[in-house]
>>> print(open('work01.tsv').read())   # TSV, C-alpha atoms
chain	number	residue	atom	x	y	z
A	1	MET	CA	0.00	0.00	0.00
A	2	LYS	CA	1.20	3.51	-0.82
A	3	TYR	CA	2.00	6.13	1.79
A	4	SER	CA	-1.21	7.28	3.46
A	5	GLU	CA	-2.06	9.99	5.96
A	6	ILE	CA	-4.14	10.24	9.11
A	7	ILE	CA	-6.09	13.43	9.76
A	8	ASP	CA	-7.03	13.65	13.42
A	9	SER	CA	-10.43	15.21	14.14
A	10	THR	CA	-10.61	14.69	17.91
A	11	LEU	CA	-10.86	18.42	18.65
A	12	ARG	CA	-13.55	18.97	16.03
A	13	GLU	CA	-15.61	15.82	15.44
A	14	GLY	CA	-14.71	14.33	18.82
A	15	GLU	CA	-15.99	17.36	20.69
A	16	GLN	CA	-19.36	16.97	18.93
A	17	ALA	CA	-20.03	13.91	21.10
A	18	PRO	CA	-22.77	14.73	23.64
A	19	GLY	CA	-21.37	16.00	26.91
A	20	VAL	CA	-17.81	16.39	25.64
A	21	VAL	CA	-16.20	19.82	25.99
A	22	PHE	CA	-12.43	20.25	25.91
A	23	ASN	CA	-11.07	23.31	27.67
A	24	GLN	CA	-8.04	25.10	26.24
A	25	ALA	CA	-5.58	23.30	28.53
A	26	ALA	CA	-7.01	19.91	27.56
A	27	LYS	CA	-6.82	20.81	23.87
A	28	LEU	CA	-3.16	21.74	24.13
A	29	ALA	CA	-2.42	18.54	26.06
A	30	ILE	CA	-4.15	16.46	23.36
A	31	ILE	CA	-2.26	18.30	20.60
A	32	ALA	CA	1.03	17.56	22.36
A	33	GLU	CA	0.16	13.86	22.53
A	34	LEU	CA	-0.96	13.80	18.89
A	35	LYS	CA	2.44	15.17	17.94
A	36	LYS	CA	4.11	12.29	19.81
A	37	VAL	CA	2.24	9.64	17.82
A	38	ALA	CA	3.20	11.54	14.63
A	39	VAL	CA	-0.26	12.16	13.22
A	40	ASP	CA	-0.10	13.89	9.83
A	41	GLU	CA	-2.71	16.61	10.32
A	42	ILE	CA	-4.73	17.94	13.26
A	43	GLU	CA	-8.15	19.46	12.72
A	44	LEU	CA	-8.31	22.00	15.54
A	45	GLY	CA	-11.98	22.95	15.43
A	46	VAL	CA	-14.77	24.75	13.62
A	47	ALA	CA	-13.96	28.14	12.13
A	48	SER	CA	-16.68	30.57	13.22
A	49	PRO	CA	-16.60	34.16	14.51
A	50	LEU	CA	-18.37	32.75	17.59
A	51	HIS	CA	-15.19	30.84	18.46
A	52	SER	CA	-13.07	33.80	19.49
A	53	TRP	CA	-10.59	31.49	21.22
A	54	LEU	CA	-9.61	29.74	17.99
A	55	PRO	CA	-6.83	32.10	16.74
A	56	GLU	CA	-4.96	31.66	20.04
A	57	LEU	CA	-5.38	27.87	19.86
A	58	VAL	CA	-3.91	27.78	16.36
A	59	GLN	CA	-1.00	29.95	17.48
A	60	GLU	CA	-0.27	27.81	20.55
A	61	ALA	CA	-0.68	24.59	18.57
A	62	ARG	CA	1.88	25.77	16.05
A	63	LYS	CA	4.39	26.31	18.85
A	64	LEU	CA	3.77	22.73	20.01
A	65	VAL	CA	3.92	20.90	16.69
A	66	ARG	CA	6.28	23.25	14.85
A	67	SER	CA	6.59	21.69	11.39
A	68	SER	CA	5.86	18.10	12.42
A	69	CYS	CA	2.27	18.12	11.13
A	70	ARG	CA	-0.29	20.34	9.42
A	71	LEU	CA	-2.91	22.33	11.32
A	72	ALA	CA	-6.40	22.46	9.85
A	73	LEU	CA	-9.78	24.05	10.50
A	74	TRP	CA	-13.23	22.85	9.46
A	75	CYS	CA	-15.54	25.44	7.95
A	76	ARG	CA	-18.97	25.87	6.42
A	77	CYS	CA	-19.17	27.50	3.00
A	78	ARG	CA	-20.15	30.86	4.47
A	79	GLU	CA	-18.26	34.06	3.70
A	80	GLU	CA	-17.97	35.23	7.31
A	81	ASP	CA	-16.73	31.84	8.50
A	82	ILE	CA	-14.13	31.62	5.73
A	83	ALA	CA	-12.90	35.13	6.49
A	84	PHE	CA	-12.57	34.22	10.18
A	85	ALA	CA	-10.74	31.01	9.24
A	86	ALA	CA	-8.22	32.98	7.19
A	87	SER	CA	-7.52	35.25	10.18
A	88	CYS	CA	-6.53	32.13	12.16
A	89	HIS	CA	-3.85	31.20	9.59
A	90	PRO	CA	-4.32	27.42	9.32
A	91	ASP	CA	-2.28	25.29	6.94
A	92	VAL	CA	-5.46	23.68	5.59
A	93	LEU	CA	-9.08	24.78	5.47
A	94	SER	CA	-11.60	21.97	5.13
A	95	LEU	CA	-14.75	23.37	3.60
A	96	SER	CA	-17.91	21.30	4.07
A	97	MET	CA	-20.75	21.04	1.60
A	98	PRO	CA	-23.60	18.47	1.50
A	99	VAL	CA	-24.11	16.58	-1.76
A	100	SER	CA	-27.08	14.30	-1.02
A	101	ASP	CA	-30.53	15.50	-2.03
A	102	CYS	CA	-31.73	14.72	1.49
A	103	HIS	CA	-29.43	17.40	2.86
A	104	ILE	CA	-29.57	19.81	-0.07
A	105	LYS	CA	-33.33	19.96	-0.47
A	106	GLU	CA	-34.73	19.01	2.92
A	107	ARG	CA	-32.16	20.47	5.32
A	108	LEU	CA	-30.98	23.51	3.35
A	109	GLY	CA	-33.95	24.09	1.06
A	110	LYS	CA	-31.59	24.54	-1.90
A	111	ASP	CA	-30.83	22.79	-5.18
A	112	ARG	CA	-27.76	21.16	-6.73
A	113	ALA	CA	-26.87	24.24	-8.78
A	114	TRP	CA	-26.69	26.31	-5.59
A	115	VAL	CA	-24.32	23.74	-4.04
A	116	LEU	CA	-21.92	23.85	-6.98
A	117	GLU	CA	-21.94	27.65	-7.20
A	118	ARG	CA	-21.48	28.18	-3.44
A	119	MET	CA	-18.72	25.59	-3.25
A	120	ALA	CA	-16.76	27.11	-6.14
A	121	ARG	CA	-17.13	30.62	-4.70
A	122	SER	CA	-16.03	29.49	-1.24
A	123	ILE	CA	-12.89	27.77	-2.52
A	124	LYS	CA	-11.90	30.89	-4.44
A	125	GLN	CA	-12.51	33.11	-1.43
A	126	ALA	CA	-10.35	30.94	0.81
A	127	LEU	CA	-7.47	30.95	-1.67
A	128	VAL	CA	-7.70	34.71	-2.28
A	129	LEU	CA	-7.48	35.25	1.49
A	130	GLY	CA	-4.17	33.39	1.52
A	131	ILE	CA	-5.10	29.99	2.94
A	132	PRO	CA	-2.36	27.66	1.62
A	133	SER	CA	-4.49	24.58	0.96
A	134	VAL	CA	-8.23	24.02	0.61
A	135	SER	CA	-9.91	20.67	1.14
A	136	VAL	CA	-13.55	20.11	0.25
A	137	GLY	CA	-15.58	17.71	2.35
A	138	LEU	CA	-18.64	16.29	0.61
A	139	GLU	CA	-21.14	15.63	3.38
A	140	ASP	CA	-23.35	12.54	3.01
A	141	ALA	CA	-21.47	11.48	-0.14
A	142	SER	CA	-22.33	7.83	0.52
A	143	ARG	CA	-26.07	8.56	-0.01
A	144	ALA	CA	-25.66	11.04	-2.84
A	145	ASP	CA	-26.23	10.55	-6.55
A	146	LEU	CA	-22.86	9.34	-7.82
A	147	ALA	CA	-23.02	11.40	-11.01
A	148	PHE	CA	-23.53	14.54	-8.93
A	149	VAL	CA	-20.64	13.59	-6.62
A	150	ILE	CA	-18.36	13.32	-9.65
A	151	GLU	CA	-19.60	16.67	-10.98
A	152	ALA	CA	-18.94	18.26	-7.60
A	153	VAL	CA	-15.41	16.90	-7.19
A	154	LYS	CA	-14.46	18.04	-10.67
A	155	ILE	CA	-15.69	21.57	-9.99
A	156	ALA	CA	-13.90	21.59	-6.63
A	157	GLU	CA	-10.64	20.65	-8.31
A	158	GLN	CA	-11.10	23.13	-11.14
A	159	ASN	CA	-11.50	25.92	-8.60
A	160	GLY	CA	-8.34	25.09	-6.67
A	161	ALA	CA	-9.21	22.44	-4.08
A	162	THR	CA	-6.27	20.10	-3.51
A	163	ARG	CA	-8.14	17.42	-1.54
A	164	ILE	CA	-11.58	15.86	-1.64
A	165	ARG	CA	-13.03	14.31	1.51
A	166	LEU	CA	-15.87	11.82	1.05
A	167	ALA	CA	-18.05	11.60	4.13
A	168	ASP	CA	-20.03	8.51	5.06
A	169	THR	CA	-22.10	10.75	7.30
A	170	VAL	CA	-24.49	8.14	8.68
A	171	GLY	CA	-22.14	5.18	8.51
A	172	ILE	CA	-23.99	3.09	5.93
A	173	CYS	CA	-20.97	2.02	3.89
A	174	SER	CA	-19.34	-1.37	3.97
A	175	PRO	CA	-15.67	-1.89	3.06
A	176	SER	CA	-16.66	-2.83	-0.49
A	177	THR	CA	-18.98	0.14	-1.06
A	178	ILE	CA	-16.56	2.73	0.33
A	179	ALA	CA	-13.81	1.18	-1.82
A	180	ALA	CA	-15.99	1.44	-4.93
A	181	LEU	CA	-16.78	5.10	-4.19
A	182	VAL	CA	-13.12	5.96	-3.68
A	183	LYS	CA	-12.05	4.22	-6.89
A	184	THR	CA	-14.68	6.05	-8.92
A	185	VAL	CA	-13.75	9.46	-7.52
A	186	LYS	CA	-10.01	8.79	-7.92
A	187	LYS	CA	-10.57	8.21	-11.63
A	188	ALA	CA	-12.35	11.55	-11.96
A	189	VAL	CA	-9.79	13.89	-10.37
A	190	ASN	CA	-6.07	14.32	-9.75
A	191	SER	CA	-6.61	15.80	-6.29
A	192	LYS	CA	-5.97	13.80	-3.15
A	193	VAL	CA	-8.99	11.83	-1.97
A	194	GLY	CA	-9.80	11.05	1.65
A	195	VAL	CA	-12.69	9.62	3.65
A	196	HIS	CA	-14.54	10.50	6.85
A	197	CYS	CA	-16.26	7.35	8.14
A	198	HIS	CA	-18.88	7.13	10.86
A	199	ASN	CA	-19.35	4.03	12.99
A	200	ASP	CA	-23.11	3.48	13.04
A	201	PHE	CA	-22.73	-0.17	12.05
A	202	GLY	CA	-19.33	-0.70	13.66
A	203	MET	CA	-17.35	-0.50	10.41
A	204	ALA	CA	-15.72	2.94	10.50
A	205	THR	CA	-12.17	1.68	11.04
A	206	ALA	CA	-12.56	-1.18	8.56
A	207	ASN	CA	-14.06	1.21	6.00
A	208	SER	CA	-11.17	3.65	6.43
A	209	ILE	CA	-8.59	0.92	5.83
A	210	ALA	CA	-10.60	-0.37	2.85
A	211	ALA	CA	-10.60	3.16	1.42
A	212	LEU	CA	-6.80	3.25	1.64
A	213	GLU	CA	-6.57	-0.12	-0.07
A	214	ALA	CA	-8.77	1.30	-2.84
A	215	GLY	CA	-6.40	4.21	-3.38
A	216	ALA	CA	-7.48	6.90	-0.90
A	217	ASP	CA	-4.67	9.19	0.16
A	218	CYS	CA	-5.89	9.86	3.70
A	219	PHE	CA	-8.67	9.32	6.20
A	220	ASP	CA	-10.10	11.09	9.22
A	221	ALA	CA	-9.85	9.50	12.65
A	222	VAL	CA	-10.78	10.41	16.21
A	223	VAL	CA	-9.13	9.22	19.41
A	224	LEU	CA	-11.41	6.60	21.02
A	225	GLY	CA	-13.80	7.09	18.09
A	226	LEU	CA	-15.57	10.02	19.75
A	227	GLY	CA	-18.17	11.82	17.67
A	228	GLU	CA	-21.82	12.04	16.74
A	229	ARG	CA	-24.00	9.00	17.60
A	230	THR	CA	-21.63	5.99	17.63
A	231	GLY	CA	-18.65	8.10	16.62
A	232	CYS	CA	-16.05	7.70	13.91
A	233	CYS	CA	-13.01	5.71	12.87
A	234	ARG	CA	-10.86	5.15	15.96
A	235	LEU	CA	-7.42	6.67	15.54
A	236	GLU	CA	-5.72	4.13	17.82
A	237	GLU	CA	-7.11	1.17	15.85
A	238	ALA	CA	-6.34	2.56	12.41
A	239	MET	CA	-2.90	3.89	13.30
A	240	GLY	CA	-2.05	0.61	15.02
A	241	TYR	CA	-3.05	-1.34	11.93
A	242	LEU	CA	-1.02	0.88	9.63
A	243	ALA	CA	2.06	0.60	11.85
A	244	LEU	CA	1.85	-3.04	12.94
A	245	VAL	CA	0.34	-4.79	9.93
A	246	LEU	CA	1.17	-2.51	7.01
A	247	GLU	CA	4.51	-1.51	8.55
A	248	GLN	CA	4.13	2.24	8.13
A	249	ARG	CA	6.63	2.81	10.88
A	250	ARG	CA	6.58	6.59	10.99
A	251	TYR	CA	3.73	6.37	13.48
A	252	GLN	CA	4.95	6.23	17.09
A	253	ILE	CA	2.32	3.86	18.43
A	254	GLU	CA	4.04	3.28	21.77
A	255	HIS	CA	2.51	6.64	22.75
A	256	LEU	CA	-1.07	5.61	21.90
A	257	PRO	CA	-2.04	4.57	25.45
A	258	THR	CA	-0.99	7.93	26.88
A	259	LEU	CA	-2.86	9.77	24.11
A	260	CYS	CA	-6.02	7.73	24.66
A	261	HIS	CA	-5.96	8.22	28.42
A	262	CYS	CA	-5.40	11.95	27.94
A	263	VAL	CA	-8.50	12.19	25.72
A	264	ALA	CA	-10.55	9.88	27.95
A	265	GLU	CA	-9.84	11.99	31.01
A	266	ALA	CA	-10.65	15.23	29.20
A	267	ALA	CA	-13.86	13.76	27.76
A	268	GLY	CA	-14.98	12.10	30.99
A	269	ARG	CA	-14.92	8.66	29.38
A	270	THR	CA	-13.62	5.29	30.55
A	271	ILE	CA	-11.50	3.07	28.32
A	272	PRO	CA	-12.81	-0.54	28.42
A	273	ALA	CA	-10.23	-3.07	29.59
A	274	HIS	CA	-10.43	-4.92	26.25
A	275	HIS	CA	-10.39	-1.85	24.00
A	276	PRO	CA	-8.22	-2.69	20.94
A	277	LEU	CA	-4.55	-1.69	21.24
A	278	VAL	CA	-4.83	0.34	24.45
A	279	GLY	CA	-7.00	-1.71	26.83
A	280	THR	CA	-5.31	-2.85	30.04
A	281	GLU	CA	-6.45	-6.49	29.67
A	282	ILE	CA	-5.87	-7.21	25.99
A	283	PHE	CA	-2.69	-9.20	26.69
A	284	THR	CA	-4.11	-11.07	29.69
A	285	CYS	CA	-4.63	-14.79	29.03
A	286	GLU	CA	-6.20	-17.61	31.05
A	287	SER	CA	-7.01	-20.19	28.37
A	288	GLY	CA	-4.73	-23.24	28.60
A	289	LEU	CA	-4.47	-23.70	24.84
A	290	HIS	CA	-3.44	-20.08	24.32
A	291	GLN	CA	-1.06	-20.08	27.28
A	292	HIS	CA	0.71	-23.11	25.86
A	293	GLY	CA	1.11	-21.35	22.53
A	294	LEU	CA	2.35	-18.16	24.17
A	295	ALA	CA	4.92	-20.12	26.16
A	296	VAL	CA	6.26	-21.78	23.00
A	297	ASN	CA	6.11	-18.66	20.79
A	298	PRO	CA	4.08	-15.52	21.61
A	299	ALA	CA	3.39	-14.97	17.90
A	300	THR	CA	1.05	-17.97	17.96
A	301	TYR	CA	-1.66	-15.98	19.71
A	302	GLU	CA	-0.52	-12.36	19.63
A	303	PRO	CA	-0.66	-10.24	16.46
A	304	TYR	CA	2.19	-8.05	17.73
A	305	PRO	CA	4.43	-7.80	20.80
A	306	PRO	CA	2.67	-6.01	23.68
A	307	GLU	CA	5.69	-3.72	24.09
A	308	ARG	CA	4.98	-2.09	20.72
A	309	VAL	CA	2.00	-0.31	22.28
A	310	GLY	CA	3.37	0.04	25.79
A	311	GLY	CA	1.58	-3.10	26.99
A	312	LYS	CA	2.66	-6.10	29.01
A	313	ARG	CA	1.67	-9.74	28.80
A	314	ALA	CA	-0.04	-11.21	31.87
A	315	LEU	CA	-1.07	-14.80	32.52
A	316	ARG	CA	-3.89	-15.91	34.78
A	317	PHE	CA	-4.37	-19.47	36.03
A	318	GLY	CA	-7.76	-20.91	36.93
A	319	GLY	CA	-10.61	-22.96	35.53
A	320	LYS	CA	-9.40	-22.67	31.92
A	321	THR	CA	-5.77	-23.60	32.62
A	322	GLY	CA	-4.19	-26.73	31.14
A	323	LEU	CA	-1.35	-29.02	32.23
A	324	LYS	CA	1.15	-28.07	29.50
A	325	ALA	CA	0.68	-24.38	30.16
A	326	VAL	CA	1.37	-24.81	33.87
A	327	LEU	CA	4.44	-26.99	33.32
A	328	LEU	CA	5.95	-24.63	30.74
A	329	HIS	CA	5.32	-21.55	32.83
A	330	LEU	CA	6.84	-23.05	35.98
A	331	GLN	CA	9.85	-24.30	34.02
A	332	LYS	CA	10.43	-20.78	32.68
A	333	GLN	CA	10.36	-19.58	36.27
A	334	GLY	CA	13.06	-22.14	37.15
A	335	LEU	CA	10.75	-24.52	39.03
A	336	GLN	CA	10.71	-28.18	38.01
A	337	ILE	CA	7.88	-30.32	39.38
A	338	GLU	CA	6.71	-33.85	38.71
A	339	GLU	CA	3.91	-34.30	36.20
A	340	ARG	CA	1.82	-36.00	38.87
A	341	GLU	CA	2.23	-32.96	41.11
A	342	ALA	CA	1.42	-30.68	38.20
A	343	LYS	CA	-1.79	-32.58	37.47
A	344	ARG	CA	-2.81	-32.17	41.09
A	345	LEU	CA	-2.08	-28.47	40.85
A	346	VAL	CA	-4.18	-28.13	37.69
A	347	TYR	CA	-7.04	-30.01	39.35
A	348	ARG	CA	-6.95	-27.60	42.27
A	349	LEU	CA	-6.94	-24.65	39.87
A	350	ARG	CA	-9.87	-25.98	37.85
A	351	THR	CA	-12.01	-26.79	40.87
A	352	GLY	CA	-10.97	-24.06	43.29
A	353	GLY	CA	-13.07	-21.32	41.74
A	354	SER	CA	-10.31	-18.69	41.91
A	355	VAL	CA	-7.88	-17.24	39.38
A	356	LEU	CA	-4.21	-16.85	40.26
A	357	SER	CA	-1.62	-14.44	38.95
A	358	GLU	CA	1.77	-15.68	37.75
A	359	GLN	CA	3.40	-14.97	41.11
A	360	GLN	CA	0.52	-16.56	43.01
A	361	LEU	CA	0.80	-19.71	40.90
A	362	LEU	CA	4.52	-19.92	41.56
A	363	GLY	CA	3.97	-19.56	45.30
A	364	PHE	CA	1.16	-22.11	45.19
A	365	ALA	CA	3.39	-24.63	43.41
A	366	MET	CA	6.36	-24.06	45.73
A	367	LYS	CA	4.12	-24.87	48.69
A	368	GLY	CA	3.38	-28.20	47.12
A	369	CYS	CA	-0.25	-27.28	46.41
>>> encode(input="work01.tsv", output="structure tokens")
Amino acid sequence: MKYSEIIDSTLREGEQAPGVVFNQAAKLAIIAELKKVAVDEIELGVASPLHSWLPELVQEARKLVRSSCRLALWCRCREEDIAFAASCHPDVLSLSMPVSDCHIKERLGKDRAWVLERMARSIKQALVLGIPSVSVGLEDASRADLAFVIEAVKIAEQNGATRIRLADTVGICSPSTIAALVKTVKKAVNSKVGVHCHNDFGMATANSIAALEAGADCFDAVVLGLGERTGCCRLEEAMGYLALVLEQRRYQIEHLPTLCHCVAEAAGRTIPAHHPLVGTEIFTCESGLHQHGLAVNPATYEPYPPERVGGKRALRFGGKTGLKAVLLHLQKQGLQIEEREAKRLVYRLRTGGSVLSEQQLLGFAMKGC
């Protein structure tokens, strides 16, 4: 797979989650952690004259990231919002425009011609005001008429947009349908193409990876998947997959746990113990079959070494524990016991109703059960 980019939208999309409000200190802390994991672009918020704090945030963020990643703002195609965005001096302005008839006609009370004219005018305004790069996000692209989507992306490119962002606004895409949409749009324009996937059916991360496999240049992600309804593509999952499976090693995934805990604390959320990549229990194993495999070669039942994401393997011994697993573990701890004694130990574990840690098992065995 070619080089791809992650655009973090935690401070924009993530803050749209009900009850989530990041204060300025929390935002700067999150930006600092995003820099550590080496995200490619940070979307800092919504450009609006109502957000008088935004110019200072952009300025402080630039001090933190320096030239390590781009700083972006999201913006409606409104003249006053675009003018305010320009005064903040972002590297990228992501203009948003709906392209489904549901949004155009029913929400806005407009028609397709209005969308194309307003979009073209907004791109030109942003560029005239000195914004270095303009991205156009096509809201609800997954439910829009494909011919109109193609018409819109061509006009966006003709007017100076350098990136097209296809939004699966209500999360109805599957990996195959998002891939087909990306391939079709890629054939129509030379601009970069990205996706913004929602998680309504639990496929946002999978859809984002599928989009990359289909030729997308980038995708949006949010730490812990925060966002509207069920949220969006989870940054930690997608970045982990790119780094650990696709070997895009520029991402510093050992910092993901710290980033996720920083966002969780600021958002008032709890990270489940078995949350992919950053959960505290994902490398804890009690099953005898799996413990045997881990003792022989951890790669048998682990997709990557726990240390890659700041984790640590932990074994538990109880009702699911087998004889081979116990023998191998005790041998690795320098304790040799008779098989008959080991069988007795396993019987006690299986019938005792409790689960022992590695140290507790060792002490139990040394006492002769």
>>> residues_around(input="work01.tsv", residues="Val355 in chain A", least_positions_apart="2", cutoff="12 Å", atoms="all atoms listed in the file", output="list in words")
Cys285, Glu286, Ser287, Leu315, Arg316, Phe317, Gly318, Gly319, Lys320, Thr321, Val346, Arg348, Leu349, Arg350, Thr351, Gly352, Gly353, Ser357, Glu358, Gln359, Gln360, Leu361 and Phe364 of chain A
>>> write_last_selection(input="work01.tsv", atoms="C-alpha atoms", output="PDB file, keeping the file's coordinate frame")
ATOM      1  CA  CYS A 285      -4.630 -14.790  29.030  1.00  0.00           C
ATOM      2  CA  GLU A 286      -6.200 -17.610  31.050  1.00  0.00           C
ATOM      3  CA  SER A 287      -7.010 -20.190  28.370  1.00  0.00           C
ATOM      4  CA  LEU A 315      -1.070 -14.800  32.520  1.00  0.00           C
ATOM      5  CA  ARG A 316      -3.890 -15.910  34.780  1.00  0.00           C
ATOM      6  CA  PHE A 317      -4.370 -19.470  36.030  1.00  0.00           C
ATOM      7  CA  GLY A 318      -7.760 -20.910  36.930  1.00  0.00           C
ATOM      8  CA  GLY A 319     -10.610 -22.960  35.530  1.00  0.00           C
ATOM      9  CA  LYS A 320      -9.400 -22.670  31.920  1.00  0.00           C
ATOM     10  CA  THR A 321      -5.770 -23.600  32.620  1.00  0.00           C
ATOM     11  CA  VAL A 346      -4.180 -28.130  37.690  1.00  0.00           C
ATOM     12  CA  ARG A 348      -6.950 -27.600  42.270  1.00  0.00           C
ATOM     13  CA  LEU A 349      -6.940 -24.650  39.870  1.00  0.00           C
ATOM     14  CA  ARG A 350      -9.870 -25.980  37.850  1.00  0.00           C
ATOM     15  CA  THR A 351     -12.010 -26.790  40.870  1.00  0.00           C
ATOM     16  CA  GLY A 352     -10.970 -24.060  43.290  1.00  0.00           C
ATOM     17  CA  GLY A 353     -13.070 -21.320  41.740  1.00  0.00           C
ATOM     18  CA  SER A 357      -1.620 -14.440  38.950  1.00  0.00           C
ATOM     19  CA  GLU A 358       1.770 -15.680  37.750  1.00  0.00           C
ATOM     20  CA  GLN A 359       3.400 -14.970  41.110  1.00  0.00           C
ATOM     21  CA  GLN A 360       0.520 -16.560  43.010  1.00  0.00           C
ATOM     22  CA  LEU A 361       0.800 -19.710  40.900  1.00  0.00           C
ATOM     23  CA  PHE A 364       1.160 -22.110  45.190  1.00  0.00           C
TER      24      PHE A 364
END
>>> atom_distance(input="work01.tsv", atom1="CA of Gly109 in chain A", atom2="CA of Asp200 in chain A")
26.2 Å
>>> atom_distance(input="work01.tsv", atom1="CA of Gln333 in chain A", atom2="CA of Leu362 in chain A")
7.9 Å
>>> atom_distance(input="work01.tsv", atom1="CA of Ile172 in chain A", atom2="CA of Glu237 in chain A")
19.7 Å
>>> closest_residue(input="work01.tsv", among="A:Glu80, A:Glu254, A:Asp91, A:Glu213", to="Ser122 in chain A", atoms="all atoms listed in the file")
A:Glu80
>>> residues_around(input="work01.tsv", residues="Ser174 in chain A", least_positions_apart="2", cutoff="10 Å", atoms="only C-alpha atoms", output="PyMOL selection string")
chain A and resi 168+171-172+176-180+201-204+206-208+210
